[in-house]
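K.L.:
My questions will all concern the structure given below.
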Amino acid sequence: MLKWFIISCCLLTAISYSTYYLFTSNSWIKTVKTHTYSRFYQLIKENTKTQLDRLQEEAKLSGKSLIPPFINFDREYAIAPKYNISICRIKKSMSTLMSGVACVLYDTGKFMRNNRSILEVWSHRFCGEKNEYRRMNEVKWRMGDAHHTFKKIVVIRDPIARFISFFSNKCIFEAQKYPDRKQCYNCQGNVTCFLEKQYERFVQHSSDYSRIRPSYEDKHAAPLSWNCEFGKFLKDYKIIKLAVDPKDRKNGLANLMNVLKESNVPNSTLRFIEKSALEGETMHATYDSDAHDVVKKEIENDKKIREWLKRIYYLDFVIFDFDTTFINS
């Protein structure tokens, strides 16, 4: 009897110690928290997907199936570690200008001594690949001690204005200059032809089982939300809306200057950037070209074209809070 009593006491003691350890162990608590948080974020993702699926179903019923947002498609970062700044460049959204801004901030003295321009030709940009990265994780690593606090900046523009610029430059100017490339799917300047083909490619790219490689056209025409790893980092970005036409550029540029000023960029450098951006234009600028005007008028006069544009870019209007009056007309 005494023997069983002693064994029972030992078992109770062991259970008590085990229970105490279980409920006070940091590793156990951490495991539970991690599991709970993971499930919580999974539920958020599932809810977002459900909302998107519902939106897509509604769109299909009205014949306007929308391209989904936040595909991790294209990423181009240029950094200025001295000021803890990373700039994400989106094609046809003042990417040449922002590459120049990042470069002058990366090494101001060298940039000025060599009398370089922030609007110089992309292939001859001063910094080249010295401060450029393709993944946010690479940017974080390069930022060192500031990897948790550096400022993420991105410049965006109205999706339709961006498309007009892209199409004028790549599907008219370049397509005519290099006919052997059969650029823009050999649509020869036909906007509807291009949008139909590009839409189908974006549908494939947004599939979980996509095997097609991103084309030159894909990367330049991709929705804004497909850039900059926005699916993960959208809330972290300082988003600047900037017009291409120098006459309309001033307000957006003032916002950019304020963001740079917050990072302690010297006034002399700010003045240089602002003056250069207001007085110059990039080689690929199309806003004052005949082709730009023709494409713009074609979009304004053709509801079918606007429907295709809506299928591709409507969620960009929603996510980045652009006026939807025209796209809905």
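Please note that chains go A, B, ... in the order of the structure tokens, that every chain numbers its residues from 1, and that ligands are numbered from 1 in the order shown.
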Just list as a PyMOL selection string whatever in stretch 72-316 of chain A DSSP marks as strand (DSSP E).
P.N.:
chain A and resi 77-80+85-88+132-133+151-156+237-241
K.L.:
Between A:Tyr178, A:Tyr199, A:Phe150, A:Tyr133, which has the minimum distance to A:Glu76 (counting only C-alpha atoms)?
P.N.:
A:Tyr133
K.L.:
Could the residues of stretch 116-188 of chain A that have an atom at most 12 Å from stretch 260-267 of chain A be listed as JSON lines, each with its closest atom pair and the distance in Å to one decimal, counting only C-alpha atoms and ordered by chain and ascending residue number?
P.N.:
```
{"residue": "A:Thr149", "atom": "CA", "partner": "A:Ser263", "partner_atom": "CA", "distance": 11.2}
{"residue": "A:Phe150", "atom": "CA", "partner": "A:Ser263", "partner_atom": "CA", "distance": 9.3}
{"residue": "A:Lys151", "atom": "CA", "partner": "A:Ser263", "partner_atom": "CA", "distance": 8.1}
{"residue": "A:Lys152", "atom": "CA", "partner": "A:Leu260", "partner_atom": "CA", "distance": 10.9}
{"residue": "A:Ile153", "atom": "CA", "partner": "A:Leu260", "partner_atom": "CA", "distance": 9.3}
{"residue": "A:Val154", "atom": "CA", "partner": "A:Leu260", "partner_atom": "CA", "distance": 12.0}
```
K.L.:
Given only C-alpha atoms as the basis, pick out the residue of A:His220, A:Glu300, A:Ser276, A:Lys197 nearest to A:Arg75.
P.N.:
A:His220
